[in-house]
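J.: Contents of run01.tsv (TSV, C-alpha atoms):
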chain	number	residue	atom	x	y	z
A	273	MET	CA	116.86	7.33	42.93
A	274	ALA	CA	116.72	4.63	45.58
A	275	LEU	CA	113.60	4.53	47.74
A	276	THR	CA	113.94	5.30	51.44
A	277	GLU	CA	112.70	2.79	54.01
A	278	GLN	CA	109.87	5.19	54.80
A	279	GLU	CA	108.77	5.22	51.16
A	280	ILE	CA	108.91	1.43	51.00
A	281	LEU	CA	106.79	1.20	54.15
A	282	ALA	CA	104.19	3.54	52.66
A	283	GLY	CA	104.07	1.55	49.40
A	284	LEU	CA	103.90	-1.76	51.26
A	285	ALA	CA	101.08	-0.50	53.49
A	286	GLU	CA	99.08	0.40	50.38
A	287	ILE	CA	99.61	-3.09	48.95
A	288	ILE	CA	98.65	-4.82	52.21
A	289	ASP	CA	95.53	-2.67	52.50
A	290	GLU	CA	94.49	-3.61	48.97
A	291	ILE	CA	95.23	-7.34	49.20
A	292	ALA	CA	94.47	-8.21	52.80
A	293	GLY	CA	92.18	-5.35	53.83
A	294	VAL	CA	94.46	-4.29	56.69
A	295	PRO	CA	94.19	-0.47	57.18
A	296	ALA	CA	97.45	1.18	56.12
A	297	ASP	CA	98.01	2.87	59.50
A	298	GLU	CA	98.13	-0.57	61.19
A	299	VAL	CA	101.05	-1.62	58.98
A	300	THR	CA	104.06	-0.69	61.08
A	301	PRO	CA	107.62	-2.13	60.85
A	302	ASP	CA	107.35	-4.25	63.99
A	303	LYS	CA	104.22	-6.13	62.87
A	304	ASN	CA	104.43	-9.87	62.19
A	305	PHE	CA	102.43	-10.83	59.09
A	306	VAL	CA	100.91	-14.00	60.49
A	307	ASP	CA	100.49	-13.18	64.18
A	308	ASP	CA	99.66	-9.45	64.05
A	309	LEU	CA	98.13	-8.85	60.62
A	310	ASP	CA	96.47	-12.27	60.08
A	311	ILE	CA	98.02	-12.62	56.61
A	312	ASP	CA	98.39	-16.20	55.34
A	313	SER	CA	100.95	-17.72	52.98
A	314	LEU	CA	98.86	-17.21	49.82
A	315	SER	CA	98.30	-13.54	50.62
A	316	MET	CA	102.05	-13.24	51.17
A	317	VAL	CA	102.56	-14.48	47.59
A	318	GLU	CA	100.10	-11.86	46.33
A	319	ILE	CA	101.90	-9.18	48.35
A	320	ALA	CA	105.27	-10.32	46.95
A	321	VAL	CA	103.94	-10.13	43.38
A	322	ALA	CA	102.47	-6.67	43.97
A	323	ALA	CA	105.72	-5.54	45.63
A	324	GLN	CA	107.65	-6.71	42.58
A	325	ASP	CA	105.40	-4.61	40.33
A	326	LYS	CA	105.71	-1.60	42.61
A	327	PHE	CA	109.38	-1.71	43.63
A	328	GLY	CA	110.92	-3.79	40.84
A	329	VAL	CA	112.34	-6.27	43.36
A	330	GLU	CA	111.57	-9.95	42.93
A	331	ILE	CA	110.88	-11.88	46.13
A	332	PRO	CA	111.11	-15.63	45.33
A	333	ASP	CA	109.07	-18.16	47.35
A	334	ASP	CA	112.17	-19.52	49.12
A	335	GLN	CA	113.04	-16.00	50.37
A	336	LEU	CA	109.44	-15.18	51.18
A	337	LYS	CA	109.23	-17.75	53.97
A	338	ASP	CA	111.99	-15.92	55.88
A	339	LEU	CA	110.26	-12.54	55.72
A	340	LYS	CA	108.24	-12.63	58.93
A	341	THR	CA	107.74	-8.96	59.73
A	342	VAL	CA	106.98	-5.78	57.82
A	343	GLN	CA	110.54	-4.61	58.59
A	344	ASP	CA	111.93	-7.83	57.06
A	345	VAL	CA	110.25	-6.97	53.73
A	346	ILE	CA	111.35	-3.32	53.91
A	347	THR	CA	114.96	-4.40	54.53
A	348	TYR	CA	114.82	-6.98	51.70
A	349	VAL	CA	113.40	-4.51	49.19
A	350	HIS	CA	115.79	-1.76	50.28
A	351	LYS	CA	118.80	-4.07	49.97
A	352	ASN	CA	117.81	-5.57	46.59
A	353	ALA	CA	116.49	-2.46	44.85
A	354	SER	CA	118.70	-1.57	41.94
B	93	MET	CA	94.38	-36.42	-3.51
B	94	ARG	CA	91.05	-35.05	-2.31
B	95	LEU	CA	90.42	-33.43	1.08
B	96	PRO	CA	87.24	-33.47	3.16
B	97	GLN	CA	84.84	-30.57	2.81
B	98	PRO	CA	85.57	-28.11	5.65
B	99	ALA	CA	82.81	-26.64	7.84
B	100	ALA	CA	82.27	-22.90	8.19
B	101	GLY	CA	82.85	-23.15	11.91
B	102	ALA	CA	82.24	-25.25	15.00
B	103	ARG	CA	79.95	-24.70	17.95
B	104	ILE	CA	78.94	-26.34	21.19
B	105	LEU	CA	75.52	-27.99	20.96
B	106	ALA	CA	75.00	-29.00	24.61
B	107	PHE	CA	76.68	-29.56	27.97
B	108	GLY	CA	76.22	-32.37	30.48
B	109	GLY	CA	77.57	-32.86	33.98
B	110	TYR	CA	77.81	-35.62	36.54
B	111	GLN	CA	78.79	-35.62	40.21
B	112	PRO	CA	79.05	-38.65	42.50
B	113	ASP	CA	76.38	-38.87	45.23
B	114	ASN	CA	78.81	-38.81	48.15
B	115	VAL	CA	79.05	-35.26	49.56
B	116	VAL	CA	82.09	-34.64	51.78
B	117	THR	CA	81.84	-31.44	53.82
B	118	ASN	CA	84.68	-29.54	55.47
B	119	ASP	CA	83.39	-30.72	58.84
B	120	ASP	CA	83.65	-34.33	57.61
B	121	LEU	CA	87.34	-33.69	56.84
B	122	ALA	CA	87.91	-31.86	60.12
B	123	ALA	CA	86.69	-35.00	61.91
B	124	VAL	CA	89.52	-37.10	60.43
B	125	MET	CA	92.40	-34.64	60.01
B	126	ASP	CA	93.85	-31.42	61.42
B	127	THR	CA	91.78	-28.83	59.56
B	128	SER	CA	88.58	-26.80	59.97
B	129	ASP	CA	85.69	-25.43	57.94
B	130	GLU	CA	86.94	-21.86	58.47
B	131	TRP	CA	90.52	-22.73	57.43
B	132	ILE	CA	89.45	-24.53	54.25
B	133	ARG	CA	86.97	-21.82	53.20
B	134	SER	CA	89.52	-19.04	53.74
B	135	ARG	CA	92.38	-20.81	51.91
B	136	VAL	CA	90.62	-22.42	48.94
B	137	GLY	CA	86.98	-21.34	49.06
B	138	ILE	CA	85.52	-24.85	49.17
B	139	ALA	CA	82.53	-25.76	51.39
B	140	SER	CA	81.95	-29.32	50.17
B	141	ARG	CA	83.07	-31.66	47.42
B	142	ARG	CA	81.88	-34.91	45.83
B	143	ILE	CA	83.93	-38.10	46.09
B	144	ALA	CA	83.36	-41.14	43.87
B	145	GLY	CA	82.58	-44.54	45.33
B	146	PRO	CA	85.36	-47.14	45.51
B	147	ASP	CA	84.10	-48.95	42.40
B	148	GLU	CA	83.12	-45.85	40.42
B	149	THR	CA	85.58	-45.23	37.56
B	150	VAL	CA	86.63	-42.32	35.38
B	151	ALA	CA	84.79	-44.02	32.51
B	152	ASP	CA	81.59	-44.46	34.58
B	153	MET	CA	81.46	-40.74	35.35
B	154	ALA	CA	82.33	-39.83	31.75
B	155	VAL	CA	79.44	-41.97	30.45
B	156	ALA	CA	77.00	-40.34	32.89
B	157	ALA	CA	77.98	-36.77	31.92
B	158	ALA	CA	78.21	-37.51	28.20
B	159	GLY	CA	74.80	-39.21	28.14
B	160	LYS	CA	73.23	-35.94	29.35
B	161	ALA	CA	75.16	-33.84	26.82
B	162	ILE	CA	74.14	-36.10	23.93
B	163	ALA	CA	70.50	-36.08	25.06
B	164	GLY	CA	70.53	-32.28	25.19
B	165	SER	CA	72.25	-31.86	21.84
B	166	GLY	CA	69.61	-33.42	19.63
B	167	VAL	CA	72.41	-35.33	17.89
B	168	SER	CA	72.07	-39.08	17.40
B	169	VAL	CA	74.94	-41.25	18.65
B	170	SER	CA	75.35	-42.46	15.07
B	171	ASP	CA	76.32	-38.90	14.09
B	172	ILE	CA	79.25	-38.73	16.55
B	173	ASP	CA	82.51	-39.74	14.91
B	174	LEU	CA	85.15	-38.60	17.42
B	175	VAL	CA	85.31	-39.02	21.20
B	176	ILE	CA	87.94	-37.22	23.31
B	177	VAL	CA	88.26	-37.87	27.03
B	178	ALA	CA	90.44	-35.35	28.86
B	179	THR	CA	91.69	-37.01	32.03
B	180	CYS	CA	94.79	-37.42	34.17
B	181	SER	CA	93.40	-39.84	36.74
B	182	THR	CA	92.40	-43.08	35.01
B	183	GLU	CA	92.78	-46.29	36.98
B	184	ALA	CA	95.17	-47.74	34.36
B	185	PRO	CA	96.86	-46.44	31.21
B	186	ILE	CA	95.51	-49.20	28.93
B	187	PRO	CA	92.92	-49.28	27.49
B	188	ASN	CA	92.12	-45.62	27.06
B	189	ALA	CA	88.89	-44.41	28.62
B	190	SER	CA	87.50	-42.87	25.44
B	191	ALA	CA	86.96	-46.05	23.38
B	192	THR	CA	85.23	-47.77	26.30
B	193	VAL	CA	83.11	-44.70	27.01
B	194	ALA	CA	82.08	-44.46	23.35
B	195	SER	CA	81.14	-48.13	23.22
B	196	ARG	CA	79.05	-47.88	26.39
B	197	LEU	CA	77.22	-44.89	24.93
B	198	GLY	CA	76.41	-46.85	21.76
B	199	ILE	CA	78.71	-44.76	19.56
B	200	VAL	CA	79.96	-47.24	16.99
B	201	ALA	CA	83.62	-47.13	15.95
B	202	PRO	CA	84.44	-43.43	16.43
B	203	GLY	CA	87.94	-42.03	16.55
B	204	ALA	CA	88.72	-42.17	20.26
B	205	TYR	CA	91.61	-40.87	22.32
B	206	ASP	CA	92.42	-39.73	25.85
B	207	LEU	CA	94.10	-36.39	26.31
B	208	ASN	CA	96.27	-35.44	29.28
B	209	ALA	CA	96.75	-31.74	29.74
B	210	ALA	CA	95.65	-32.14	33.38
B	211	CYS	CA	93.30	-29.37	34.53
B	212	ALA	CA	93.61	-27.66	31.11
B	213	GLY	CA	92.48	-30.84	29.35
B	214	PHE	CA	88.90	-29.88	28.55
B	215	CYS	CA	89.95	-26.64	26.84
B	216	TYR	CA	92.58	-28.55	24.84
B	217	GLY	CA	89.94	-31.12	23.85
B	218	LEU	CA	87.51	-28.40	22.84
B	219	ALA	CA	90.17	-26.79	20.63
B	220	ASN	CA	90.93	-30.16	19.01
B	221	ALA	CA	87.20	-30.79	18.49
B	222	SER	CA	86.65	-27.38	16.93
B	223	ASP	CA	89.57	-27.86	14.56
B	224	ALA	CA	88.43	-31.39	13.59
B	225	VAL	CA	84.94	-30.17	12.75
B	226	ARG	CA	86.22	-27.15	10.85
B	227	ALA	CA	88.68	-29.26	8.87
B	228	GLY	CA	86.00	-31.82	8.09
B	229	THR	CA	87.83	-34.72	9.74
B	230	ALA	CA	84.89	-35.17	12.12
B	231	ARG	CA	81.26	-34.10	11.93
B	232	HIS	CA	80.29	-34.27	15.61
B	233	VAL	CA	82.74	-34.59	18.49
B	234	LEU	CA	82.05	-35.60	22.07
B	235	VAL	CA	84.50	-33.88	24.44
B	236	ILE	CA	84.53	-35.08	28.04
B	237	GLY	CA	86.53	-34.11	31.12
B	238	SER	CA	86.35	-36.86	33.75
B	239	GLU	CA	88.44	-37.25	36.88
B	240	LYS	CA	88.71	-39.39	39.96
B	241	MET	CA	91.32	-37.23	41.68
B	242	SER	CA	90.52	-38.78	45.07
B	243	ALA	CA	92.28	-41.97	43.92
B	244	TRP	CA	95.59	-40.09	43.63
B	245	VAL	CA	95.37	-37.91	46.74
B	246	ASP	CA	97.13	-38.87	49.97
B	247	PRO	CA	94.33	-39.21	52.56
B	248	ALA	CA	96.76	-37.87	55.18
B	249	ASP	CA	97.80	-34.76	53.19
B	250	ARG	CA	95.51	-31.93	54.20
B	251	SER	CA	96.92	-29.54	51.59
B	252	THR	CA	95.60	-31.66	48.70
B	253	ARG	CA	92.77	-33.69	50.23
B	254	ILE	CA	90.72	-30.56	51.01
B	255	ILE	CA	90.98	-29.39	47.38
B	256	PHE	CA	90.67	-32.27	44.94
B	257	ALA	CA	87.41	-34.02	44.10
B	258	ASP	CA	85.68	-36.21	41.52
B	259	GLY	CA	83.22	-35.62	38.69
B	260	ALA	CA	82.74	-35.29	34.95
B	261	GLY	CA	81.51	-32.79	32.40
B	262	ALA	CA	80.91	-33.09	28.67
B	263	ALA	CA	80.10	-31.11	25.55
B	264	VAL	CA	78.90	-32.11	22.10
B	265	VAL	CA	80.57	-30.10	19.34
B	266	GLY	CA	79.15	-29.87	15.84
B	267	PRO	CA	79.40	-27.78	12.69
B	268	VAL	CA	77.90	-24.37	12.09
B	269	ALA	CA	75.46	-25.34	9.37
B	270	ASP	CA	74.94	-22.01	7.67
B	271	PRO	CA	78.12	-20.16	6.59
B	272	ALA	CA	76.36	-16.92	7.56
B	273	ASP	CA	76.12	-18.10	11.18
B	274	LYS	CA	78.87	-17.23	13.61
B	275	PRO	CA	81.21	-19.93	14.95
B	276	GLY	CA	80.69	-20.78	18.61
B	277	ILE	CA	84.23	-21.71	19.61
B	278	GLY	CA	86.81	-18.94	19.39
B	279	PRO	CA	90.54	-19.25	18.68
B	280	VAL	CA	92.44	-21.04	21.42
B	281	VAL	CA	95.41	-19.43	23.16
B	282	TRP	CA	97.39	-22.28	24.64
B	283	GLY	CA	100.81	-23.21	25.89
B	284	SER	CA	102.76	-24.73	28.73
B	285	ASN	CA	105.55	-23.96	31.20
B	286	GLY	CA	107.29	-27.32	31.44
B	287	ASP	CA	110.17	-25.69	33.31
B	288	LEU	CA	107.79	-25.57	36.30
B	289	ALA	CA	106.39	-29.09	35.80
B	290	ASP	CA	107.76	-30.36	39.12
B	291	LYS	CA	105.43	-27.97	40.99
B	292	ILE	CA	102.51	-30.42	40.47
B	293	HIS	CA	103.39	-34.06	39.95
B	294	ILE	CA	102.79	-37.71	40.76
B	295	LYS	CA	106.18	-39.37	40.99
B	296	ASP	CA	105.18	-42.87	39.90
B	297	ARG	CA	102.20	-45.24	39.82
B	298	THR	CA	102.43	-45.95	43.53
B	299	SER	CA	102.76	-42.31	44.61
B	300	PHE	CA	100.28	-39.60	45.52
B	301	LEU	CA	99.78	-36.18	43.98
B	302	PHE	CA	102.22	-33.53	45.15
B	303	GLN	CA	101.52	-29.82	44.76
B	304	GLU	CA	103.71	-26.88	45.75
B	305	GLY	CA	100.86	-24.56	46.62
B	306	GLN	CA	102.63	-21.21	46.82
B	307	ALA	CA	104.49	-21.69	43.52
B	308	VAL	CA	101.31	-22.75	41.72
B	309	PHE	CA	99.44	-19.81	43.23
B	310	ARG	CA	102.12	-17.38	42.05
B	311	TRP	CA	102.19	-18.87	38.52
B	312	ALA	CA	98.41	-18.94	38.19
B	313	THR	CA	97.86	-15.40	39.43
B	314	THR	CA	100.64	-13.80	37.37
B	315	GLU	CA	101.11	-15.74	34.10
B	316	LEU	CA	97.59	-16.62	33.01
B	317	TYR	CA	95.50	-13.47	32.83
B	318	PRO	CA	97.37	-12.19	29.73
B	319	MET	CA	96.44	-15.46	27.95
B	320	ALA	CA	92.79	-15.01	28.90
B	321	LEU	CA	92.85	-11.41	27.64
B	322	GLU	CA	94.49	-12.55	24.40
B	323	ALA	CA	91.75	-15.17	23.88
B	324	CYS	CA	89.15	-12.39	24.22
B	325	GLN	CA	91.05	-10.15	21.85
B	326	ARG	CA	91.43	-12.89	19.23
B	327	ALA	CA	87.72	-13.74	19.47
B	328	GLY	CA	86.80	-10.07	19.14
B	329	VAL	CA	84.98	-10.02	22.48
B	330	ARG	CA	85.67	-7.36	25.11
B	331	PRO	CA	86.06	-8.67	28.69
B	332	GLU	CA	83.26	-6.36	29.84
B	333	ASP	CA	80.92	-8.01	27.32
B	334	LEU	CA	81.48	-11.54	28.65
B	335	ALA	CA	78.39	-13.09	30.21
B	336	ALA	CA	80.64	-15.22	32.39
B	337	PHE	CA	84.23	-16.19	33.08
B	338	VAL	CA	84.51	-19.93	33.67
B	339	PRO	CA	88.10	-20.75	34.65
B	340	HIS	CA	89.29	-24.12	35.90
B	341	GLN	CA	87.94	-24.32	39.44
B	342	ALA	CA	91.37	-24.60	41.04
B	343	ASN	CA	91.07	-22.48	44.15
B	344	LEU	CA	88.58	-19.65	44.69
B	345	ARG	CA	91.35	-17.20	45.61
B	346	ILE	CA	93.28	-17.94	42.42
B	347	ILE	CA	90.29	-17.47	40.15
B	348	GLU	CA	89.08	-14.35	41.97
B	349	SER	CA	92.55	-12.85	41.49
B	350	ILE	CA	92.58	-13.71	37.76
B	351	ALA	CA	89.05	-12.32	37.32
B	352	ARG	CA	90.10	-9.01	38.92
B	353	LYS	CA	93.08	-8.75	36.59
B	354	ILE	CA	90.96	-9.46	33.51
B	355	GLY	CA	88.32	-6.98	34.66
B	356	VAL	CA	85.45	-9.45	35.08
B	357	PRO	CA	83.15	-8.55	38.00
B	358	ARG	CA	82.81	-11.12	40.80
B	359	ASP	CA	79.16	-11.91	39.96
B	360	ARG	CA	80.19	-13.10	36.49
B	361	LEU	CA	82.90	-15.41	37.80
B	362	ALA	CA	81.94	-19.11	37.94
B	363	ASP	CA	82.41	-20.34	41.52
B	364	ASP	CA	81.26	-23.93	41.18
B	365	ILE	CA	84.30	-24.92	43.26
B	366	ILE	CA	82.39	-24.00	46.44
B	367	HIS	CA	80.30	-27.17	46.19
B	368	ALA	CA	82.25	-29.23	43.66
B	369	GLY	CA	85.87	-28.86	44.76
B	370	ASN	CA	88.69	-29.00	42.23
B	371	THR	CA	87.81	-31.72	39.71
B	372	SER	CA	90.73	-31.03	37.35
B	373	SER	CA	89.71	-31.39	33.68
B	374	ALA	CA	86.06	-31.89	34.66
B	375	SER	CA	85.68	-28.58	36.46
B	376	ILE	CA	84.98	-26.30	33.48
B	377	PRO	CA	82.35	-28.44	31.66
B	378	LEU	CA	80.80	-29.37	35.02
B	379	ALA	CA	80.47	-25.69	35.95
B	380	LEU	CA	79.06	-24.87	32.50
B	381	ALA	CA	76.51	-27.70	32.75
B	382	ARG	CA	75.39	-26.64	36.22
B	383	MET	CA	75.21	-22.93	35.33
B	384	THR	CA	73.15	-23.74	32.23
B	385	GLU	CA	70.83	-26.02	34.23
B	386	ARG	CA	70.30	-23.27	36.82
B	387	GLY	CA	69.38	-20.80	34.07
B	388	GLU	CA	72.41	-18.56	34.70
B	389	LEU	CA	73.62	-18.92	31.11
B	390	HIS	CA	71.48	-18.56	28.02
B	391	ALA	CA	71.92	-19.39	24.34
B	392	GLY	CA	74.18	-17.00	22.46
B	393	MET	CA	76.01	-15.62	25.47
B	394	PRO	CA	79.83	-15.30	25.16
B	395	VAL	CA	81.75	-17.06	27.91
B	396	LEU	CA	85.50	-17.10	28.50
B	397	LEU	CA	87.08	-20.44	29.44
B	398	LEU	CA	90.56	-20.77	30.98
B	399	GLY	CA	92.05	-24.17	31.81
B	400	PHE	CA	95.36	-24.44	33.66
B	401	GLY	CA	97.22	-27.01	35.70
B	402	ALA	CA	99.95	-29.67	35.84
B	403	GLY	CA	102.72	-29.60	33.26
B	404	MET	CA	101.83	-26.04	33.78
B	405	CYS	CA	99.65	-26.37	30.69
B	406	TYR	CA	97.07	-23.70	29.94
B	407	ALA	CA	94.44	-22.96	27.31
B	408	ALA	CA	91.88	-20.16	26.93
B	409	GLN	CA	89.07	-19.62	24.47
B	410	VAL	CA	85.78	-17.74	24.18
B	411	VAL	CA	82.76	-19.95	23.47
B	412	THR	CA	79.11	-19.24	22.77
B	413	VAL	CA	76.57	-20.84	25.10
B	414	PRO	CA	74.37	-23.35	23.22
Would you write out, as structure tokens, the structure that this file holds?
T.:
Amino acid sequence: MALTEQEILAGLAEIIDEIAGVPADEVTPDKNFVDDLDIDSLSMVEIAVAAQDKFGVEIPDDQLKDLKTVQDVITYVHKNAS
Amino acid sequence: MRLPQPAAGARILAFGGYQPDNVVTNDDLAAVMDTSDEWIRSRVGIASRRIAGPDETVADMAVAAAGKAIAGSGVSVSDIDLVIVATCSTEAPIPNASATVASRLGIVAPGAYDLNAACAGFCYGLANASDAVRAGTARHVLVIGSEKMSAWVDPADRSTRIIFADGAGAAVVGPVADPADKPGIGPVVWGSNGDLADKIHIKDRTSFLFQEGQAVFRWATTELYPMALEACQRAGVRPEDLAAFVPHQANLRIIESIARKIGVPRDRLADDIIHAGNTSSASIPLALARMTERGELHAGMPVLLLGFGAGMCYAAQVVTVP
């Protein structure tokens, strides 16, 4: 069964907490990774790899650079989940 | 046809390391380019690195490191019959560094070759040395990783200049004398991902090193830990029993991530990169030499090595500290 956007957000918040130490309740859809959550490009790669393991959706490096906000990742995962 | 008498196994007899005198701190770099101490530490984990002098060569550094390894090994130079220099940064392709290095060390007429597996080179050399000793084609092998990466780095490129550095490390490999004794160099797990070779390259002899940082980071943190675990499994050593994990000192965040995935606690992860930078093939033997000198490693301890780098070559093996 396809994941809802809410479920993706919850899973993503867990990943971001683990990798970047950002408390899960601070991870909201409107947040910008760089400006709001202080997450750099290498952490974004780690988040993408963890998201692939969790959601089964690959996020290549050339797509990753366009995913600026938490909502961008949720939309990408939601759209590409099989 | 007769074949040479094989040895029961091979082991490392001693390590030696050499770093140039010139210390370049993050603040030194921040004075000449758009970067900062905080930025460099958070991205790559480096506080300072050593840079060779303009006239200091790959061979000079190799001789310095190897001299210490030979002195510590108790082996006479006349007993060394093979010299391998792992390097990807020599000043010129001919002659090789290894024959010159051997001659300068007083090793007469050994087999001598350079080996380019980039940052994985030392682990490849160690595997070759172990096999040569076991097969009986060499009795004692000098394996050296020596690099002058600064010569190939664009001084204006902050993404590479903050990372790469110069230095050398060496090991003397010899036979396990008594068949009842355990070998000190475990089976190598090695390979390459040439399909990703463009991610780290130098286009031609007049070009600088190019590295696609994110792609390398993704490859290193996802593809390599299974190789490291397989090396442990094939050596019969559990990751939790390792005294240390000494990966190529590529980037502190990469090696911390690999260590977590293998299950090696942070205090057993070699972090020589903090004050040595990324010295490519030299980083593993240099770290081993410095950790042994500081008394952090003792004889008989099992240590996991993992080299990885350009060509997307990798090699892992468990070794016993001499």
J.: Define the interface residues of chain B facing chain A as those within 10 Å, counting only C-alpha atoms, and report them as a short mmCIF file (atom, residue, chain, number, x, y, z; two decimals) with C-alpha atoms, keeping the file's coordinate frame.
T.:
data_model
loop_
_atom_site.label_atom_id
_atom_site.label_comp_id
_atom_site.auth_asym_id
_atom_site.auth_seq_id
_atom_site.Cartn_x
_atom_site.Cartn_y
_atom_site.Cartn_z
CA SER B 134 89.52 -19.04 53.74
CA ARG B 135 92.38 -20.81 51.91
CA VAL B 136 90.62 -22.42 48.94
CA GLY B 305 100.86 -24.56 46.62
CA GLN B 306 102.63 -21.21 46.82
CA ALA B 307 104.49 -21.69 43.52
CA PHE B 309 99.44 -19.81 43.23
CA ARG B 310 102.12 -17.38 42.05
CA THR B 313 97.86 -15.40 39.43
CA THR B 314 100.64 -13.80 37.37
CA ARG B 345 91.35 -17.20 45.61
CA ILE B 346 93.28 -17.94 42.42
CA SER B 349 92.55 -12.85 41.49
#
J.: Have a look at CA of Val299 (chain A) and CA of Ile346 (chain A) and let me know their distance in Å, one decimal.
T.: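 According to the coordinates, CA of Val299 (chain A) and CA of Ile346 (chain A) are separated by 11.6 Å.
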J.: Separation of CA of Lys291 (chain B) and CA of Ile288 (chain A), in Å?
T.: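 Between CA of Lys291 (chain B) and CA of Ile288 (chain A) the gap works out to 26.6 Å.
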J.: Identify the residues within 9 Å of coordinate (116.9, -2.6, 50.3) (same frame as the file), considering all atoms listed in the file, and give the answer as a list in words.
T.: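 The residues that fall inside the cut-off are Ala274, Leu275, Thr276, Glu277, Ile280, Val345, Ile346, Thr347, Tyr348, Val349, His350, Lys351, Asn352, Ala353 and Ser354 of chain A.
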J.: Per residue of region 344-365 of chain B within 12 Å of region 379-396 of chain B, what are the shortest atom pair and its distance in Å to one decimal, counting all atoms listed in the file, with rows by chain and residue number, as a Markdown table?
T.:
| residue | atom | partner | partner_atom | distance |
| --- | --- | --- | --- | --- |
| B:Ala351 | CA | B:Leu396 | CA | 10.6 |
| B:Ile354 | CA | B:Leu396 | CA | 10.6 |
| B:Val356 | CA | B:Leu396 | CA | 10.1 |
| B:Asp359 | CA | B:Glu388 | CA | 10.8 |
| B:Arg360 | CA | B:Val395 | CA | 9.6 |
| B:Leu361 | CA | B:Leu396 | CA | 9.8 |
| B:Ala362 | CA | B:Ala379 | CA | 7.0 |
| B:Asp363 | CA | B:Ala379 | CA | 8.0 |
| B:Asp364 | CA | B:Ala379 | CA | 5.6 |
| B:Ile365 | CA | B:Ala379 | CA | 8.3 |
J.: Since we have the selection now, will you write its residues out, keeping C-alpha atoms, as a PDB file, in the coordinates of the input?
T.:
ATOM      1  CA  ALA B 351      89.050 -12.320  37.320  1.00  0.00           C
ATOM      2  CA  ILE B 354      90.960  -9.460  33.510  1.00  0.00           C
ATOM      3  CA  VAL B 356      85.450  -9.450  35.080  1.00  0.00           C
ATOM      4  CA  ASP B 359      79.160 -11.910  39.960  1.00  0.00           C
ATOM      5  CA  ARG B 360      80.190 -13.100  36.490  1.00  0.00           C
ATOM      6  CA  LEU B 361      82.900 -15.410  37.800  1.00  0.00           C
ATOM      7  CA  ALA B 362      81.940 -19.110  37.940  1.00  0.00           C
ATOM      8  CA  ASP B 363      82.410 -20.340  41.520  1.00  0.00           C
ATOM      9  CA  ASP B 364      81.260 -23.930  41.180  1.00  0.00           C
ATOM     10  CA  ILE B 365      84.300 -24.920  43.260  1.00  0.00           C
TER      11      ILE B 365
END
J.: Name the residues within 10 Å of (91.5, -29.9, 24.9), counting only C-alpha atoms in the file's coordinates, and put them as a ChimeraX atom specification.
T.: /B:176-178,206-222,235-237,280,282,373,399,406-408
J.: Grab the CA of Ala154 (chain B) to CA of Glu183 (chain B) distance for me, in Å with one decimal place.
T.: 13.4 Å
J.: Find the residues around Ala248 (chain B) up to 9 Å (all atoms listed in the file counted), leave out those fewer than 5 positions away in its own chain, and share them as a PyMOL selection string.
T.: chain B and resi 124-125+253
J.: Please write the residues from the selection above to a file, keeping C-alpha atoms, as a PDB file, in the frame of the given file.
T.:
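The new file out_22.pdb reads:
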ATOM      1  CA  VAL B 124      89.520 -37.100  60.430  1.00  0.00           C
ATOM      2  CA  MET B 125      92.400 -34.640  60.010  1.00  0.00           C
ATOM      3  CA  ARG B 253      92.770 -33.690  50.230  1.00  0.00           C
TER       4      ARG B 253
END
J.: For Gln341 (chain B), which residue among B:Ala263, B:Leu301, B:Ala161, B:Ala312 is the nearest when counting all atoms listed in the file?
T.: B:Ala312
J.: Which of these, B:Leu398, B:Leu321, B:Val245, B:Ile366, has the shortest distance to Ala139 (chain B) once you count only C-alpha atoms?
T.: B:Ile366
J.: Quick one: everything within 9 Å of Gly283 (chain A), counting all atoms listed in the file, minus sequence neighbours fewer than 6 positions away in the same chain. Send it as an MDAnalysis selection string.
T.: chainID A and resid 323 326:327
J.: Between B:Val264, B:Val411, B:Ala402, B:Ile172, which residue has the minimum interatomic distance to Ala335 (chain B), considering only C-alpha atoms?
T.: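 Looking only at the distances to Ala335 (chain B), the closest residue turns out to be B:Val411.
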J.: So, with all atoms listed in the file as the atoms that count, which of A:Gln335, A:Gln324, A:Val329, A:Ala285 lies closest to Leu309 (chain A)?
T.: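 Of the candidates, the smallest distance to Leu309 (chain A) is held by A:Ala285.
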